[in-house]
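Engineer: Got a file for you: upload-v2.cif, mmCIF, C-alpha atoms.
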```
data_input
loop_
_atom_site.label_atom_id
_atom_site.label_comp_id
_atom_site.auth_asym_id
_atom_site.auth_seq_id
_atom_site.Cartn_x
_atom_site.Cartn_y
_atom_site.Cartn_z
CA MET B 294 -8.42 -104.63 -97.12
CA ILE B 295 -8.70 -108.41 -96.77
CA LYS B 296 -12.50 -108.23 -96.78
CA LYS B 297 -12.46 -106.23 -100.00
CA LEU B 298 -10.03 -108.64 -101.64
CA VAL B 299 -12.28 -111.53 -100.71
CA LEU B 300 -15.25 -109.66 -102.18
CA VAL B 301 -13.36 -109.06 -105.44
CA PHE B 302 -12.42 -112.70 -105.90
CA ILE B 303 -15.89 -113.95 -104.93
CA ALA B 304 -17.34 -111.69 -107.62
CA PHE B 305 -14.69 -112.81 -110.12
CA PHE B 306 -15.31 -116.52 -109.67
CA ALA B 307 -19.08 -116.05 -109.56
CA ILE B 308 -19.01 -114.25 -112.90
CA GLN B 309 -16.66 -116.84 -114.40
CA SER B 310 -18.74 -119.81 -113.28
CA TYR B 311 -21.94 -118.23 -114.61
CA ALA B 312 -20.49 -117.20 -117.96
CA GLN B 313 -20.76 -119.62 -120.88
CA GLU B 314 -19.97 -117.97 -124.22
CA GLY B 315 -18.55 -114.47 -124.41
CA THR B 316 -20.86 -113.74 -127.34
CA ALA B 317 -23.67 -115.28 -129.33
CA SER B 318 -23.37 -112.97 -132.33
CA PRO B 319 -23.24 -114.51 -135.83
CA TYR B 320 -20.88 -111.66 -136.75
CA SER B 321 -18.23 -113.24 -134.50
CA PHE B 322 -17.79 -115.68 -137.42
CA TYR B 323 -15.50 -113.14 -139.07
CA GLY B 324 -11.88 -112.25 -138.28
CA ILE B 325 -10.86 -112.93 -134.68
CA GLY B 326 -14.39 -112.47 -133.35
CA SER B 327 -16.52 -109.63 -132.03
CA LEU B 328 -14.78 -106.93 -130.02
CA LYS B 329 -15.53 -107.83 -126.41
CA PHE B 330 -13.75 -105.18 -124.38
CA LYS B 331 -15.25 -101.70 -124.77
CA GLY B 332 -14.13 -100.21 -121.46
CA THR B 333 -15.17 -100.41 -117.85
CA VAL B 334 -18.83 -100.31 -116.83
CA GLU B 335 -18.31 -96.61 -116.02
CA ASN B 336 -17.06 -96.01 -119.59
CA ARG B 337 -19.77 -98.08 -121.25
CA SER B 338 -22.53 -96.34 -119.27
CA MET B 339 -21.41 -93.07 -120.91
CA GLY B 340 -21.61 -94.40 -124.47
CA GLY B 341 -18.03 -95.72 -124.29
CA LEU B 342 -16.55 -92.33 -123.36
CA SER B 343 -13.04 -92.88 -121.87
CA ILE B 344 -11.54 -89.39 -121.69
CA TYR B 345 -12.49 -88.65 -118.07
CA LYS B 346 -9.86 -89.03 -115.37
CA ASP B 347 -10.45 -88.94 -111.63
CA SER B 348 -8.78 -90.42 -108.57
CA ILE B 349 -11.24 -93.17 -107.62
CA HIS B 350 -11.94 -95.06 -110.89
CA VAL B 351 -9.71 -97.17 -113.12
CA ASN B 352 -9.65 -96.20 -116.81
CA LEU B 353 -8.44 -99.25 -118.74
CA ARG B 354 -8.43 -97.58 -122.16
CA ASN B 355 -5.98 -94.74 -121.52
CA PRO B 356 -2.79 -95.59 -119.54
CA ALA B 357 -2.08 -91.89 -118.96
CA THR B 358 -4.86 -91.87 -116.34
CA TYR B 359 -2.68 -94.00 -114.05
CA GLY B 360 -0.34 -91.06 -113.48
CA GLY B 361 -0.89 -88.85 -110.43
CA ASP B 362 -1.91 -89.36 -106.83
CA ASN B 363 -4.81 -87.02 -106.14
CA LEU B 364 -6.76 -89.47 -104.02
CA LYS B 365 -3.84 -89.81 -101.64
CA ASN B 366 -3.69 -86.06 -101.09
CA ALA B 367 -7.44 -85.83 -100.60
CA LEU B 368 -7.99 -88.76 -98.28
CA TYR B 369 -4.79 -89.95 -96.69
CA ASN B 370 -1.70 -88.63 -95.01
CA ASN B 371 1.61 -88.63 -96.84
CA GLU B 372 2.56 -92.05 -95.50
CA SER B 373 -0.14 -94.14 -97.17
CA ARG B 374 -1.31 -94.73 -100.74
CA PRO B 375 -4.67 -95.81 -102.18
CA VAL B 376 -4.93 -98.96 -104.29
CA LYS B 377 -7.83 -99.40 -106.69
CA PHE B 378 -9.38 -102.77 -107.49
CA SER B 379 -11.95 -103.22 -110.24
CA VAL B 380 -13.79 -106.28 -111.54
CA GLY B 381 -16.65 -106.37 -114.03
CA GLY B 382 -18.96 -108.67 -115.93
CA SER B 383 -21.93 -108.48 -118.28
CA HIS B 384 -24.96 -110.32 -119.63
CA ALA B 385 -26.39 -109.80 -123.11
CA SER B 386 -29.82 -110.72 -124.46
CA THR B 387 -30.09 -110.51 -128.25
CA LYS B 388 -32.89 -110.94 -130.78
CA LEU B 389 -31.62 -112.15 -134.16
CA LYS B 390 -33.74 -111.30 -137.18
CA SER B 391 -33.41 -112.20 -140.87
CA ASN B 392 -35.80 -111.66 -143.76
CA ASN B 393 -37.71 -114.87 -143.02
CA SER B 394 -37.05 -115.89 -139.40
CA SER B 395 -36.01 -114.71 -135.95
CA ASP B 396 -34.48 -116.15 -132.79
CA ARG B 397 -33.34 -115.04 -129.36
CA VAL B 398 -29.95 -115.82 -127.77
CA SER B 399 -28.09 -114.75 -124.64
CA SER B 400 -24.56 -114.82 -123.28
CA SER B 401 -22.73 -113.86 -120.09
CA SER B 402 -19.08 -113.16 -119.48
CA PHE B 403 -16.36 -111.88 -117.20
CA ASP B 404 -15.13 -108.54 -118.64
CA TYR B 405 -12.08 -107.41 -116.66
CA LEU B 406 -10.05 -107.68 -113.47
CA SER B 407 -7.61 -104.87 -112.68
CA ILE B 408 -5.44 -103.41 -109.94
CA SER B 409 -4.04 -99.86 -109.96
CA ILE B 410 -1.31 -98.59 -107.61
CA PRO B 411 -0.10 -94.94 -107.49
CA VAL B 412 3.45 -94.11 -106.37
CA GLY B 413 3.68 -90.33 -106.25
CA LYS B 414 3.39 -88.90 -109.76
CA LEU B 415 3.98 -92.39 -111.11
CA GLY B 416 1.23 -94.99 -111.27
CA PHE B 417 1.03 -98.51 -112.57
CA GLY B 418 -1.56 -101.23 -112.98
CA PHE B 419 -2.06 -104.74 -114.24
CA GLY B 420 -4.93 -107.07 -114.98
CA LEU B 421 -6.71 -109.47 -117.29
CA LEU B 422 -9.55 -109.03 -119.76
CA PRO B 423 -11.14 -110.83 -122.73
CA TYR B 424 -10.55 -108.72 -125.85
CA THR B 425 -12.57 -110.51 -128.55
CA ALA B 426 -15.08 -113.37 -128.41
CA VAL B 427 -16.19 -116.04 -130.88
CA GLY B 428 -19.48 -117.83 -130.30
CA TYR B 429 -21.84 -118.76 -133.11
CA LYS B 430 -23.95 -121.62 -134.45
CA LEU B 431 -25.22 -121.06 -137.98
CA GLU B 432 -27.01 -123.11 -140.63
CA THR B 433 -27.39 -122.10 -144.26
CA THR B 434 -29.11 -123.62 -147.31
CA ASN B 435 -27.75 -122.92 -150.79
CA GLU B 436 -29.62 -122.75 -154.10
CA ASN B 437 -29.24 -126.54 -154.55
CA GLY B 438 -30.95 -127.24 -151.23
CA LEU B 439 -27.73 -128.34 -149.50
CA ASP B 440 -27.41 -127.52 -145.81
CA THR B 441 -24.18 -126.34 -144.16
CA ARG B 442 -23.67 -126.04 -140.40
CA PHE B 443 -21.06 -123.66 -138.93
CA LYS B 444 -19.93 -123.55 -135.31
CA GLY B 445 -17.24 -121.45 -133.59
CA GLU B 446 -15.95 -120.64 -130.11
CA GLY B 447 -12.99 -119.05 -128.36
CA GLY B 448 -11.49 -115.58 -128.57
CA LEU B 449 -8.52 -113.40 -127.72
CA ASN B 450 -7.53 -112.37 -124.16
CA LYS B 451 -5.18 -109.69 -122.86
CA ALA B 452 -2.92 -109.70 -119.85
CA TYR B 453 -1.68 -106.13 -119.49
CA PHE B 454 0.76 -103.97 -117.55
CA SER B 455 0.21 -100.20 -117.57
CA LEU B 456 2.49 -97.36 -116.53
CA GLY B 457 1.53 -93.69 -116.25
CA TYR B 458 3.39 -90.55 -115.20
CA GLN B 459 2.07 -87.09 -114.36
CA PHE B 460 4.52 -84.52 -115.78
CA THR B 461 2.66 -81.46 -114.56
CA GLU B 462 -0.47 -80.88 -112.54
CA GLY B 463 -2.58 -81.34 -115.67
CA LEU B 464 -0.50 -83.37 -118.17
CA SER B 465 0.01 -87.16 -117.95
CA PHE B 466 1.52 -89.77 -120.27
CA GLY B 467 1.22 -93.56 -120.15
CA VAL B 468 1.86 -96.83 -121.95
CA ASP B 469 0.15 -100.24 -121.94
CA ALA B 470 2.08 -103.43 -122.69
CA ASN B 471 -0.40 -106.15 -123.66
CA TYR B 472 0.26 -109.86 -124.01
CA ASN B 473 -2.45 -111.28 -126.25
CA PHE B 474 -3.30 -114.96 -126.10
CA GLY B 475 -6.16 -117.33 -126.84
CA ASN B 476 -7.53 -119.70 -129.43
CA ILE B 477 -10.28 -119.80 -132.02
CA GLN B 478 -11.97 -123.06 -132.98
CA ASN B 479 -14.45 -123.46 -135.80
CA SER B 480 -16.00 -126.30 -137.73
CA THR B 481 -18.05 -126.82 -140.89
CA ILE B 482 -20.38 -129.70 -141.79
CA GLU B 483 -21.84 -129.80 -145.29
CA PHE B 484 -24.69 -132.27 -145.28
CA ARG B 485 -24.95 -134.84 -148.08
CA TYR B 486 -28.24 -136.46 -149.15
CA ASN B 487 -29.34 -139.59 -150.99
CA ASN B 488 -31.61 -139.67 -154.06
CA GLU B 489 -34.69 -139.57 -151.83
CA GLY B 490 -33.52 -136.33 -150.24
CA GLU B 491 -32.68 -137.92 -146.90
CA PRO B 492 -29.37 -137.09 -145.15
CA LEU B 493 -26.71 -139.79 -145.41
CA GLN B 494 -25.89 -141.71 -142.26
CA THR B 495 -22.25 -140.58 -142.38
CA GLN B 496 -21.26 -136.94 -142.89
CA SER B 497 -17.93 -135.10 -143.18
CA LYS B 498 -16.68 -132.35 -140.92
CA GLU B 499 -13.82 -129.89 -141.29
CA SER B 500 -12.34 -128.53 -138.03
CA ASN B 501 -9.86 -125.66 -137.61
CA ARG B 502 -8.03 -124.40 -134.54
CA SER B 503 -5.74 -121.38 -134.27
CA ASP B 504 -3.70 -120.68 -131.13
CA LEU B 505 -2.87 -116.97 -131.01
CA SER B 506 -0.18 -115.07 -129.11
CA GLY B 507 1.73 -111.80 -129.40
CA LEU B 508 2.50 -108.39 -127.92
CA ASN B 509 1.12 -104.96 -128.69
CA PHE B 510 1.34 -101.53 -127.09
CA ASN B 511 -1.00 -98.63 -126.44
CA LEU B 512 0.21 -95.05 -125.78
CA GLY B 513 -1.86 -92.40 -124.07
CA LEU B 514 -1.91 -88.68 -123.24
CA HIS B 515 -4.28 -86.87 -120.90
CA TYR B 516 -4.59 -83.20 -120.06
CA LYS B 517 -6.95 -81.34 -117.77
CA ALA B 518 -7.11 -77.72 -116.61
CA MET B 519 -9.56 -75.30 -115.05
CA ILE B 520 -10.78 -72.89 -117.75
CA SER B 521 -12.85 -70.84 -115.31
CA ASP B 522 -13.58 -70.79 -111.60
CA LYS B 523 -16.08 -73.63 -111.98
CA LEU B 524 -15.40 -75.36 -115.32
CA GLU B 525 -12.70 -77.93 -116.03
CA LEU B 526 -11.49 -79.06 -119.47
CA GLN B 527 -10.31 -82.65 -120.01
CA THR B 528 -8.76 -83.95 -123.24
CA ALA B 529 -7.26 -87.33 -124.13
CA PHE B 530 -5.42 -89.08 -126.97
CA THR B 531 -4.40 -92.73 -127.44
CA PHE B 532 -2.52 -94.57 -130.18
CA SER B 533 -1.90 -98.30 -130.73
CA PRO B 534 0.62 -99.14 -133.49
CA LYS B 535 0.01 -102.02 -135.89
CA SER B 536 1.27 -105.34 -134.53
CA ASP B 537 1.30 -109.02 -135.45
CA LEU B 538 0.00 -112.09 -133.68
CA THR B 539 1.52 -115.52 -134.23
CA SER B 540 -1.14 -118.03 -135.19
CA LYS B 541 -0.30 -121.74 -134.81
CA ASN B 542 -2.86 -123.61 -136.86
CA GLU B 543 -4.35 -127.09 -137.03
CA ARG B 544 -6.88 -128.52 -139.47
CA SER B 545 -8.56 -131.93 -139.52
CA PHE B 546 -11.26 -133.82 -141.39
CA SER B 547 -13.63 -136.23 -139.65
CA SER B 548 -16.35 -138.64 -140.62
CA LEU B 549 -19.24 -138.69 -138.17
CA THR B 550 -22.84 -139.53 -137.54
CA ILE B 551 -25.35 -137.03 -136.18
CA ASN B 552 -28.41 -137.72 -134.07
CA GLN B 553 -31.11 -135.91 -136.05
CA ILE B 554 -33.21 -135.32 -132.93
CA THR B 555 -30.64 -134.04 -130.42
CA GLY B 556 -27.94 -132.89 -132.87
CA THR B 557 -25.27 -134.85 -130.97
CA GLU B 558 -22.19 -135.67 -133.06
CA PHE B 559 -20.42 -139.05 -132.91
CA ILE B 560 -16.93 -139.03 -134.47
CA ILE B 561 -16.01 -142.19 -136.41
CA ASN B 562 -12.46 -141.26 -137.46
CA THR B 563 -10.30 -138.18 -137.95
CA ILE B 564 -7.45 -137.33 -140.33
CA GLY B 565 -5.15 -134.35 -139.77
CA ALA B 566 -4.38 -132.03 -142.69
CA ASP B 567 -0.77 -131.32 -143.66
CA LEU B 568 -0.62 -127.53 -143.24
CA VAL B 569 3.20 -127.60 -143.19
CA ALA B 570 3.32 -128.45 -146.90
CA ASP B 571 1.21 -125.37 -147.66
CA GLY B 572 3.11 -123.12 -145.24
CA LEU B 573 -0.03 -122.60 -143.14
CA ASN B 574 0.96 -124.34 -139.91
CA GLU B 575 2.20 -121.02 -138.51
CA THR B 576 1.01 -117.70 -139.88
CA ASN B 577 0.96 -114.04 -138.88
CA LEU B 578 -2.27 -112.22 -138.16
CA THR B 579 -2.28 -108.43 -138.23
CA LEU B 580 -3.80 -106.34 -135.44
CA PRO B 581 -4.60 -102.99 -137.09
CA SER B 582 -3.39 -99.65 -135.73
CA LYS B 583 -5.88 -97.55 -133.79
CA TYR B 584 -6.13 -94.03 -132.40
CA SER B 585 -8.67 -92.04 -130.41
CA PHE B 586 -9.06 -88.45 -129.27
CA GLY B 587 -11.71 -86.58 -127.36
CA ALA B 588 -12.53 -83.65 -125.11
CA GLY B 589 -15.12 -82.58 -122.58
CA ILE B 590 -15.95 -80.01 -119.94
CA GLY B 591 -17.58 -80.14 -116.56
CA ALA B 592 -17.67 -79.02 -112.97
CA PRO B 593 -15.36 -81.22 -110.81
CA ARG B 594 -17.31 -83.74 -108.68
CA LYS B 595 -20.57 -82.40 -110.13
CA TRP B 596 -21.03 -83.09 -113.86
CA PHE B 597 -19.15 -83.82 -117.07
CA ALA B 598 -20.04 -84.03 -120.77
CA GLY B 599 -17.72 -85.05 -123.59
CA ILE B 600 -17.26 -86.48 -127.06
CA GLU B 601 -14.67 -88.99 -128.32
CA TYR B 602 -13.76 -90.36 -131.76
CA THR B 603 -11.91 -93.64 -132.34
CA SER B 604 -10.56 -94.90 -135.67
CA GLN B 605 -9.01 -98.27 -136.49
CA LYS B 606 -7.33 -99.33 -139.75
CA THR B 607 -9.33 -102.54 -139.97
CA SER B 608 -8.63 -102.61 -143.70
CA GLU B 609 -5.10 -103.74 -142.68
CA PHE B 610 -6.48 -106.93 -141.10
CA SER B 611 -5.31 -110.13 -142.76
CA ASN B 612 -5.35 -113.86 -142.07
CA VAL B 613 -4.13 -116.11 -144.87
CA LEU B 614 -5.58 -119.24 -143.26
CA TYR B 615 -9.22 -118.29 -143.80
CA THR B 616 -10.99 -116.67 -146.73
CA ASN B 617 -14.59 -115.57 -146.28
CA THR B 618 -16.41 -115.21 -149.60
CA GLY B 619 -18.25 -111.93 -149.90
CA THR B 620 -16.45 -110.40 -146.92
CA THR B 621 -14.05 -107.46 -146.96
CA TYR B 622 -12.63 -105.27 -144.22
CA GLU B 623 -12.87 -101.50 -144.18
CA ASP B 624 -11.65 -98.95 -141.65
CA ALA B 625 -13.66 -98.96 -138.43
CA SER B 626 -14.72 -95.98 -136.32
CA VAL B 627 -16.64 -95.15 -133.15
CA LEU B 628 -18.21 -91.86 -132.06
CA ALA B 629 -19.07 -91.72 -128.35
CA ILE B 630 -21.06 -88.95 -126.65
CA GLY B 631 -21.78 -89.08 -122.94
CA GLY B 632 -21.29 -87.81 -119.42
CA PHE B 633 -22.39 -88.00 -115.80
CA TYR B 634 -24.11 -86.01 -113.06
CA ILE B 635 -23.73 -86.11 -109.25
CA PRO B 636 -26.35 -84.15 -107.27
CA LYS B 637 -24.08 -83.62 -104.22
CA TYR B 638 -21.00 -85.84 -103.87
CA ASN B 639 -20.43 -85.03 -100.14
CA SER B 640 -24.05 -85.14 -98.97
CA PHE B 641 -24.56 -86.55 -95.47
CA SER B 642 -28.36 -86.38 -95.51
CA SER B 643 -29.16 -88.23 -98.75
CA TYR B 644 -27.51 -91.38 -100.12
CA TRP B 645 -29.05 -90.80 -103.58
CA ASP B 646 -27.44 -87.35 -103.80
CA ARG B 647 -24.05 -89.11 -103.77
CA VAL B 648 -24.98 -91.51 -106.58
CA VAL B 649 -23.34 -90.96 -109.99
CA TYR B 650 -25.88 -90.92 -112.85
CA ARG B 651 -24.42 -91.68 -116.30
CA GLY B 652 -25.68 -91.75 -119.88
CA GLY B 653 -24.43 -91.75 -123.44
CA LEU B 654 -24.74 -92.68 -127.13
CA ARG B 655 -22.43 -94.77 -129.34
CA PHE B 656 -22.29 -94.81 -133.15
CA GLU B 657 -19.99 -97.52 -134.50
CA LYS B 658 -18.80 -98.69 -137.89
CA THR B 659 -17.45 -102.18 -137.14
CA GLY B 660 -15.12 -102.51 -140.13
CA LEU B 661 -16.97 -105.52 -141.57
CA ASN B 662 -18.41 -105.32 -145.07
CA ILE B 663 -20.47 -108.37 -146.04
CA ASN B 664 -22.21 -108.71 -149.41
CA ASN B 665 -21.48 -105.00 -150.00
CA GLU B 666 -23.27 -104.07 -146.76
CA SER B 667 -21.30 -102.11 -144.16
CA ILE B 668 -22.05 -103.56 -140.70
CA LYS B 669 -22.84 -100.77 -138.26
CA GLU B 670 -23.78 -100.68 -134.58
CA PHE B 671 -25.67 -98.23 -132.38
CA GLY B 672 -26.01 -98.20 -128.60
CA MET B 673 -27.79 -96.02 -126.03
CA SER B 674 -26.58 -96.50 -122.47
CA PHE B 675 -27.46 -95.55 -118.91
CA GLY B 676 -25.88 -96.36 -115.57
CA VAL B 677 -25.44 -95.52 -111.91
CA GLY B 678 -22.48 -95.58 -109.55
CA LEU B 679 -23.61 -96.57 -106.06
CA PRO B 680 -21.32 -95.56 -103.16
CA VAL B 681 -20.26 -98.40 -100.85
CA GLY B 682 -17.99 -98.28 -97.79
CA THR B 683 -16.14 -95.23 -96.56
CA LEU B 684 -13.23 -94.78 -99.02
CA PHE B 685 -15.08 -93.76 -102.19
CA SER B 686 -15.62 -97.35 -103.30
CA ASN B 687 -18.62 -98.00 -105.52
CA ALA B 688 -20.74 -100.58 -107.32
CA ASN B 689 -21.56 -99.68 -110.90
CA LEU B 690 -24.64 -100.84 -112.80
CA GLY B 691 -25.13 -100.22 -116.50
CA ILE B 692 -27.55 -101.05 -119.29
CA GLU B 693 -27.12 -100.58 -123.04
CA VAL B 694 -29.86 -100.94 -125.65
CA GLY B 695 -28.87 -101.07 -129.29
CA LYS B 696 -28.72 -102.75 -132.67
CA ARG B 697 -26.10 -104.25 -134.98
CA GLY B 698 -26.18 -105.24 -138.62
CA THR B 699 -28.98 -105.26 -141.20
CA THR B 700 -31.38 -107.64 -142.93
CA ASN B 701 -30.28 -106.34 -146.35
CA GLY B 702 -28.26 -108.73 -148.49
CA ASN B 703 -29.67 -111.78 -146.64
CA LEU B 704 -27.84 -110.72 -143.47
CA ILE B 705 -28.91 -110.75 -139.83
CA LYS B 706 -29.95 -107.80 -137.69
CA GLU B 707 -29.30 -107.94 -133.96
CA ASN B 708 -31.33 -106.03 -131.37
CA PHE B 709 -29.52 -106.33 -128.04
CA VAL B 710 -29.78 -105.37 -124.40
CA ASN B 711 -26.53 -105.50 -122.40
CA PHE B 712 -26.48 -105.50 -118.60
CA GLN B 713 -23.19 -104.68 -116.85
CA LEU B 714 -22.00 -104.86 -113.25
CA SER B 715 -18.69 -103.84 -111.70
CA LEU B 716 -17.12 -103.25 -108.31
CA SER B 717 -14.57 -100.43 -107.95
CA LEU B 718 -12.93 -100.73 -104.55
CA ASN B 719 -10.39 -98.34 -103.01
CA ASP B 720 -8.14 -99.26 -100.11
CA ARG B 721 -4.94 -98.00 -98.52
CA TRP B 722 -1.60 -99.73 -98.85
CA PHE B 723 1.96 -98.88 -97.84
CA THR B 724 0.82 -97.33 -94.56
CA LYS B 725 3.75 -96.55 -92.27
CA ARG B 726 3.10 -97.73 -88.73
CA LYS B 727 3.40 -95.07 -86.05
CA TYR B 728 3.58 -97.68 -83.28
CA ASP B 729 5.39 -100.98 -83.37
#
```
For this file, write the structure as structure tokens.
Structural biologist:
Amino acid sequence: MIKKLVLVFIAFFAIQSYAQEGTASPYSFYGIGSLKFKGTVENRSMGGLSIYKDSIHVNLRNPATYGGDNLKNALYNNESRPVKFSVGGSHASTKLKSNNSSDRVSSSSFDYLSISIPVGKLGFGFGLLPYTAVGYKLETTNENGLDTRFKGEGGLNKAYFSLGYQFTEGLSFGVDANYNFGNIQNSTIEFRYNNEGEPLQTQSKESNRSDLSGLNFNLGLHYKAMISDKLELQTAFTFSPKSDLTSKNERSFSSLTINQITGTEFIINTIGADLVADGLNETNLTLPSKYSFGAGIGAPRKWFAGIEYTSQKTSEFSNVLYTNTGTTYEDASVLAIGGFYIPKYNSFSSYWDRVVYRGGLRFEKTGLNINNESIKEFGMSFGVGLPVGTLFSNANLGIEVGKRGTTNGNLIKENFVNFQLSLSLNDRWFTKRKYD
């Protein structure tokens, strides 16, 4: 167990040290950033499908999957229990395209760290994951030829505790308690020019920072049953009620000079804005309610295919501190279709027969509407689960190719390739010694 723990933390710190920004999408300019967490690598490799429950993988999107102890019965005696560790990270390469230019950006990030522990029909887990990410650098020119530079970074993280219980052999219920925390920082510089059209030596900069915190909950149901001698049905439902985050806000104005070659900023002086007088020093930010449901069929330990629909009331989102001209929020939705195939899970003669092959499609309506253009996203994903060790541990590799946004309405279209890596490690805890 110690060797596996060391491996987990080595992977965790390696991913963290390599990661810079969690995203490089210009669409992270809006709201609290781009949604970062879309499930484990296993989920994302199946188009985001999260309805499947087994005994050797962690499902971070439905707490009901923590309930039950099938792996214990299959692998261990009644005096030991399996513990599941999972850590994941990703790297994204994105081509940005507008009507008159294009650019390429990349970003890497840590995606999740989780531990799951079953105790009979009860199971619980805890972990940490980044939920949204802000990371953009934009420049615009208006009809008067004035340039404006926007920059943002930060995002929202979740520390969670999950509890699941298996009521019957097929029916489980669970709940996530999530503590959300993080900060979002953004700045705006509107360049001023002299009569000759040259930028002034001293420019002005507006800086904003919001420190976010708050609780929210996620409820889940999962049911599975054999519908024939060989086919198994699995269904799932989750619901997250609307909740509020507390946003403690700061705003300042600075005068500065900018090196026109390197872009380095040199602050001359800074004045803090009085947000207390306007009642904006502490505001509430709404996290919209969300639900999902899905179903699929398959042969246990052989193949599975399913479909899942997720809807979020993004139209409920509000933040009185910022107003984005031309931007509205509409309800978001995701349709995921995917599955997996295992040639022969217990093969002794061929390693590749024990590999899990995954694939899926994702159709997403992000909830952003900019200049009367609904921002949509599409992804096509593939992945493999590679067995490691002797206790059904595995390394998971995934790739997703897709697009986001449009060039209509002077907007930006993103063509992206996401690479994902995770380690799902199983070990035994609570083993009763037979000899002292």
Engineer: With all atoms listed in the file as the atoms that count, which of B:Leu512, B:Val681, B:Ile325, B:Leu704 lies nearest to B:Leu718?
Structural biologist: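 Residue with the minimum atom-to-atom distance to B:Leu718: B:Val681.
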Engineer: What does the distance between atom CA of B:Tyr602 and atom CA of B:Lys658 come to in Å, to one decimal place?
Structural biologist: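 Atom CA of B:Lys658 lies 11.5 Å from atom CA of B:Tyr602.
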Engineer: Any chance you could work out the residue set of the PyMOL selection byres ((chain B and resi 415-417) around 7) here, as a list in words?
Structural biologist: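 With the PyMOL selection byres ((chain B and resi 415-417) around 7) on this model, the match is Tyr359, Gly360, Gly361, Ser409, Ile410, Pro411, Val412, Gly413, Lys414, Gly418, Ser455, Leu456, Gly457, Tyr458 and Gln459 of chain B.
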Engineer: Please evaluate the PyMOL selection byres ((chain B and resi 486-497) around 9) against the structure above and give the resulting residues as a list in words.
Structural biologist: Leu439, Thr481, Ile482, Glu483, Phe484, Arg485, Lys498, Glu499, Phe546, Ser547, Ser548, Leu549, Thr550, Ile551 and Ile561 of chain B
Engineer: Which one of B:Ile668, B:Ile635, B:Leu406, B:Ala357 sits closest to B:Arg647 if you count all atoms listed in the file?
Structural biologist: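 Checking each of B:Ile668, B:Ile635, B:Leu406, B:Ala357 against B:Arg647, counting all atoms listed in the file, the winner is B:Ile635.
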Engineer: Under the rule that all atoms listed in the file are counted, which of B:Ser521, B:Asn552, B:Asn701, B:Thr659 is the nearest residue to B:Glu623?
Structural biologist: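 Ranked by minimum distance to B:Glu623, first place goes to B:Thr659.
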Engineer: Tell me which residues come within 12 Å of (-29.9, -100.4, -134.9), as a short mmCIF file (atom, residue, chain, number, x, y, z; two decimals) with C-alpha atoms, keeping the file's coordinate frame, counting only C-alpha atoms in the file's coordinates.
Structural biologist:
```
data_model
loop_
_atom_site.label_atom_id
_atom_site.label_comp_id
_atom_site.auth_asym_id
_atom_site.auth_seq_id
_atom_site.Cartn_x
_atom_site.Cartn_y
_atom_site.Cartn_z
CA LYS B 388 -32.89 -110.94 -130.78
CA LEU B 389 -31.62 -112.15 -134.16
CA LYS B 390 -33.74 -111.30 -137.18
CA ARG B 655 -22.43 -94.77 -129.34
CA PHE B 656 -22.29 -94.81 -133.15
CA GLU B 657 -19.99 -97.52 -134.50
CA LYS B 658 -18.80 -98.69 -137.89
CA ILE B 668 -22.05 -103.56 -140.70
CA LYS B 669 -22.84 -100.77 -138.26
CA GLU B 670 -23.78 -100.68 -134.58
CA PHE B 671 -25.67 -98.23 -132.38
CA GLY B 672 -26.01 -98.20 -128.60
CA MET B 673 -27.79 -96.02 -126.03
CA VAL B 694 -29.86 -100.94 -125.65
CA GLY B 695 -28.87 -101.07 -129.29
CA LYS B 696 -28.72 -102.75 -132.67
CA ARG B 697 -26.10 -104.25 -134.98
CA GLY B 698 -26.18 -105.24 -138.62
CA THR B 699 -28.98 -105.26 -141.20
CA THR B 700 -31.38 -107.64 -142.93
CA ILE B 705 -28.91 -110.75 -139.83
CA LYS B 706 -29.95 -107.80 -137.69
CA GLU B 707 -29.30 -107.94 -133.96
CA ASN B 708 -31.33 -106.03 -131.37
CA PHE B 709 -29.52 -106.33 -128.04
CA VAL B 710 -29.78 -105.37 -124.40
#
```
Engineer: May I have a table of the residues of stretch 393-511 of chain B lying at most 12 Å from stretch 570-589 of chain B, giving each one's closest pair of atoms and their distance in Å to one decimal, counting all atoms listed in the file, ordered by chain and ascending residue number, as CSV?
Structural biologist:
```
residue,atom,partner,partner_atom,distance
B:Tyr424,CA,B:Leu580,CA,12.0
B:Thr425,CA,B:Leu580,CA,11.9
B:Leu449,CA,B:Leu580,CA,11.5
B:Asn473,CA,B:Leu580,CA,10.5
B:Asn501,CA,B:Asn574,CA,11.1
B:Arg502,CA,B:Asn574,CA,10.5
B:Ser503,CA,B:Glu575,CA,9.0
B:Asp504,CA,B:Glu575,CA,9.5
B:Leu505,CA,B:Leu578,CA,8.6
B:Ser506,CA,B:Leu578,CA,9.7
B:Gly507,CA,B:Leu578,CA,9.6
B:Leu508,CA,B:Leu580,CA,10.0
B:Asn509,CA,B:Leu580,CA,8.5
B:Phe510,CA,B:Ser582,CA,10.0
B:Asn511,CA,B:Lys583,CA,8.9
```
Engineer: Grab the atom CA of B:Leu714 to atom CA of B:Pro680 distance for me, in Å with one decimal place.
Structural biologist: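 These two atoms are separated by 13.7 Å.
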Engineer: What is the atom CA of B:Gly324 to atom CA of B:Thr434 distance in Å?
Structural biologist: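 Interatomic distance, atom CA of B:Gly324 to atom CA of B:Thr434: 22.5 Å.
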Engineer: Excluding B:Ser383 and its own-chain neighbours fewer than 6 positions away, which residues fall within 10 Å of it when counting only C-alpha atoms? Please give them as a PyMOL selection string.
Structural biologist: chain B and resi 308+312+315+334+400-404+690-692+711-715
Engineer: Ranking B:Asp567, B:Glu601, B:Glu335, B:Asp646 by minimum distance to B:Leu628 and counting only C-alpha atoms, which one comes first?
Structural biologist: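 Between B:Asp567, B:Glu601, B:Glu335, B:Asp646, the residue approaching B:Leu628 most closely is B:Glu601.
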